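With mmCIF, C-alpha atoms inside, this is start04.cif:
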data_final
loop_
_atom_site.label_atom_id
_atom_site.label_comp_id
_atom_site.auth_asym_id
_atom_site.auth_seq_id
_atom_site.Cartn_x
_atom_site.Cartn_y
_atom_site.Cartn_z
CA GLN A 1 177.88 192.84 88.92
CA VAL A 2 181.37 192.33 87.51
CA GLN A 3 183.15 194.72 85.20
CA LEU A 4 185.84 193.50 82.82
CA VAL A 5 188.34 196.03 81.50
CA GLU A 6 190.76 195.20 78.71
CA SER A 7 194.09 196.96 78.26
CA GLY A 8 197.34 196.55 76.38
CA GLY A 9 196.12 197.12 72.86
CA GLY A 10 197.89 199.43 70.48
CA SER A 11 199.56 199.83 67.11
CA VAL A 12 202.53 197.64 66.23
CA GLN A 13 204.43 196.44 63.19
CA ALA A 14 203.98 192.95 61.79
CA GLY A 15 206.15 190.49 63.65
CA GLU A 16 206.00 192.37 66.94
CA SER A 17 204.27 191.37 70.16
CA LEU A 18 201.57 192.67 72.45
CA LYS A 19 200.22 191.43 75.76
CA LEU A 20 196.58 192.11 76.49
CA SER A 21 195.18 192.15 80.00
CA CYS A 22 191.62 191.84 81.20
CA THR A 23 191.08 192.93 84.77
CA SER A 24 187.91 192.12 86.64
CA SER A 25 186.30 194.17 89.39
CA GLY A 26 185.25 190.95 91.07
CA TYR A 27 186.41 187.41 91.57
CA ILE A 28 186.42 185.43 88.34
CA GLY A 29 188.35 182.42 89.56
CA SER A 30 185.29 180.21 89.27
CA CYS A 31 184.70 181.14 85.62
CA GLY A 32 185.97 179.96 82.33
CA MET A 33 187.26 182.93 80.33
CA ARG A 34 187.60 183.74 76.66
CA TRP A 35 189.21 186.21 74.31
CA TYR A 36 187.27 187.18 71.20
CA ARG A 37 188.15 189.55 68.41
CA GLN A 38 186.19 191.43 65.80
CA PRO A 39 187.89 192.87 62.76
CA ARG A 40 186.15 195.92 61.33
CA GLY A 41 183.23 194.90 59.18
CA LYS A 42 183.55 191.23 60.04
CA GLU A 43 182.01 188.74 62.41
CA ARG A 44 183.28 188.28 65.92
CA GLU A 45 185.50 185.23 66.30
CA LEU A 46 186.74 183.26 69.26
CA VAL A 47 190.49 183.54 69.76
CA ALA A 48 191.22 181.48 72.86
CA SER A 49 189.62 180.10 75.99
CA ILE A 50 190.85 178.95 79.36
CA SER A 51 189.20 176.97 82.14
CA ALA A 52 188.62 178.36 85.63
CA MET A 53 191.83 176.92 87.08
CA GLY A 54 193.79 177.37 83.87
CA MET A 55 194.28 173.67 83.29
CA THR A 56 192.58 173.61 79.89
CA ARG A 57 193.35 176.06 77.09
CA THR A 58 192.03 176.06 73.57
CA TYR A 59 192.90 178.21 70.58
CA ALA A 60 191.45 179.08 67.23
CA ALA A 61 193.25 177.53 64.31
CA PHE A 62 194.41 180.92 63.03
CA VAL A 63 196.32 181.50 66.27
CA GLU A 64 198.68 178.64 65.45
CA VAL A 65 201.32 178.80 68.20
CA ARG A 66 201.60 182.59 68.26
CA PHE A 67 199.20 183.39 71.12
CA THR A 68 199.09 182.25 74.74
CA ILE A 69 196.12 182.69 77.04
CA SER A 70 196.75 182.70 80.78
CA ARG A 71 195.23 183.92 83.99
CA ASP A 72 196.11 184.99 87.50
CA ASN A 73 193.09 184.37 89.69
CA ALA A 74 194.71 186.06 92.67
CA LYS A 75 194.77 189.25 90.61
CA ASN A 76 191.44 188.60 88.86
CA THR A 77 193.24 189.10 85.59
CA LEU A 78 193.20 187.32 82.26
CA TYR A 79 196.00 187.69 79.72
CA LEU A 80 196.63 187.15 76.04
CA GLN A 81 200.24 187.15 74.93
CA MET A 82 200.36 187.72 71.18
CA ASN A 83 203.61 187.12 69.33
CA SER A 84 204.52 187.30 65.64
CA LEU A 85 201.56 189.52 64.97
CA LYS A 86 200.18 189.69 61.45
CA THR A 87 198.19 192.41 59.73
CA GLU A 88 195.18 190.10 59.76
CA ASP A 89 195.27 190.14 63.58
CA THR A 90 194.02 193.74 63.46
CA ALA A 91 190.76 193.82 65.40
CA VAL A 92 189.07 194.87 68.59
CA TYR A 93 189.82 192.25 71.23
CA TYR A 94 187.30 191.46 73.94
CA CYS A 95 187.47 189.33 77.05
CA ALA A 96 184.43 187.58 78.44
CA THR A 97 183.37 185.02 80.98
CA SER A 98 182.39 181.65 79.60
CA PRO A 99 180.43 178.72 80.96
CA PRO A 100 180.65 177.41 83.54
CA CYS A 101 180.53 180.72 85.37
CA PRO A 102 178.37 180.89 88.49
CA ILE A 103 178.47 184.68 88.62
CA GLY A 104 176.93 185.14 85.18
CA ALA A 105 177.92 186.35 81.73
CA PHE A 106 180.09 189.44 81.39
CA GLU A 107 182.13 191.03 78.66
CA GLY A 108 184.53 193.93 78.44
CA GLN A 109 184.40 196.95 76.16
CA GLY A 110 187.32 195.83 74.03
CA THR A 111 190.78 197.07 73.17
CA GLN A 112 191.98 197.90 69.67
CA VAL A 113 194.93 196.05 68.19
CA THR A 114 196.32 197.39 64.93
CA VAL A 115 199.10 195.60 63.09
CA SER A 116 200.71 197.32 60.12
CA SER A 117 203.07 195.92 57.52
#
What is this file in structure tokens?
Amino acid sequence: QVQLVESGGGSVQAGESLKLSCTSSGYIGSCGMRWYRQPRGKERELVASISAMGMTRTYAAFVEVRFTISRDNAKNTLYLQMNSLKTEDTAVYYCATSPPCPIGAFEGQGTQVTVSS
């Protein structure tokens, strides 16, 4: 069983930056990983994904060039650098494993990001 724990969320002003981290209790280097977000009262949406070795990264259109997903497999940690934050980025952000992942499907509890104008 793997536990994923997100951190780094908080309250910032529009235009500022945050860096989210997702630390795993076990080795996730063989897994694709994703960041999702869910604004209050809305559907969950995929923000970004990264392959097991970090060679392939994809982003939702709304991210534009503001966010960067990365990982450090030696530290079992996934990151999301978020720059030029907008009020519409306010949401709970979750990390999760994604296929292919031989250890299974896991998701964290989420971290709140609040962006005010």
Chain and number of each residue from the PyMOL selection byres ((chain A and resi 31) around 7), as number ranges by chain:
A: 28-30, 32-33, 52, 97-102
How would you write, as a PyMOL selection string, the residues chosen by the PyMOL selection byres ((chain A and resi 53-65) around 12) on this structure?
chain A and resi 28-37+45-52+66-74+76-86+88-89+100
So which one's closest to Gln13 in chain A, A:Tyr93, A:Thr87, A:Gly110, A:Ser25? Using only C-alpha atoms, please.
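Among the listed residues, the smallest separation from Gln13 in chain A belongs to A:Thr87.
The nearest approach to Ser116 in chain A among the residues A:Thr90, A:Gln38, A:Gln3, A:Ser21, with only C-alpha atoms taken into account, belongs to A:Thr90.
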Kindly give the distance, in Å, that separates CA of Tyr27 in chain A and CA of Val5 in chain A, rounded to a single decimal.
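We find that CA of Tyr27 in chain A and CA of Val5 in chain A lie 13.4 Å from each other.
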Which residue out of A:Glu16, A:Lys75, A:Ser11, A:Ser24 has the minimum interatomic distance to Glu107 in chain A when all atoms listed in the file are used?
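Comparing A:Glu16, A:Lys75, A:Ser11, A:Ser24 against Glu107 in chain A, the winner is A:Ser24.
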If I take CA of Pro39 in chain A and CA of Gly104 in chain A, how far is one from the other in Å, to one decimal?
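Calculated distance between CA of Pro39 in chain A and CA of Gly104 in chain A is 26.1 Å.
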With the PyMOL selection byres ((chain A and resi 111) around 7) as the selection, what would be picked from this file? Answer as a list in words, please.
Glu6, Ser7, Gly9, Val92, Tyr93, Tyr94, Gly110, Gln112 and Val113 of chain A
I'd like the interatomic distance between CA of Leu18 in chain A and CA of Lys42 in chain A, to a tenth of an Å.
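These atoms are spaced 21.9 Å apart.
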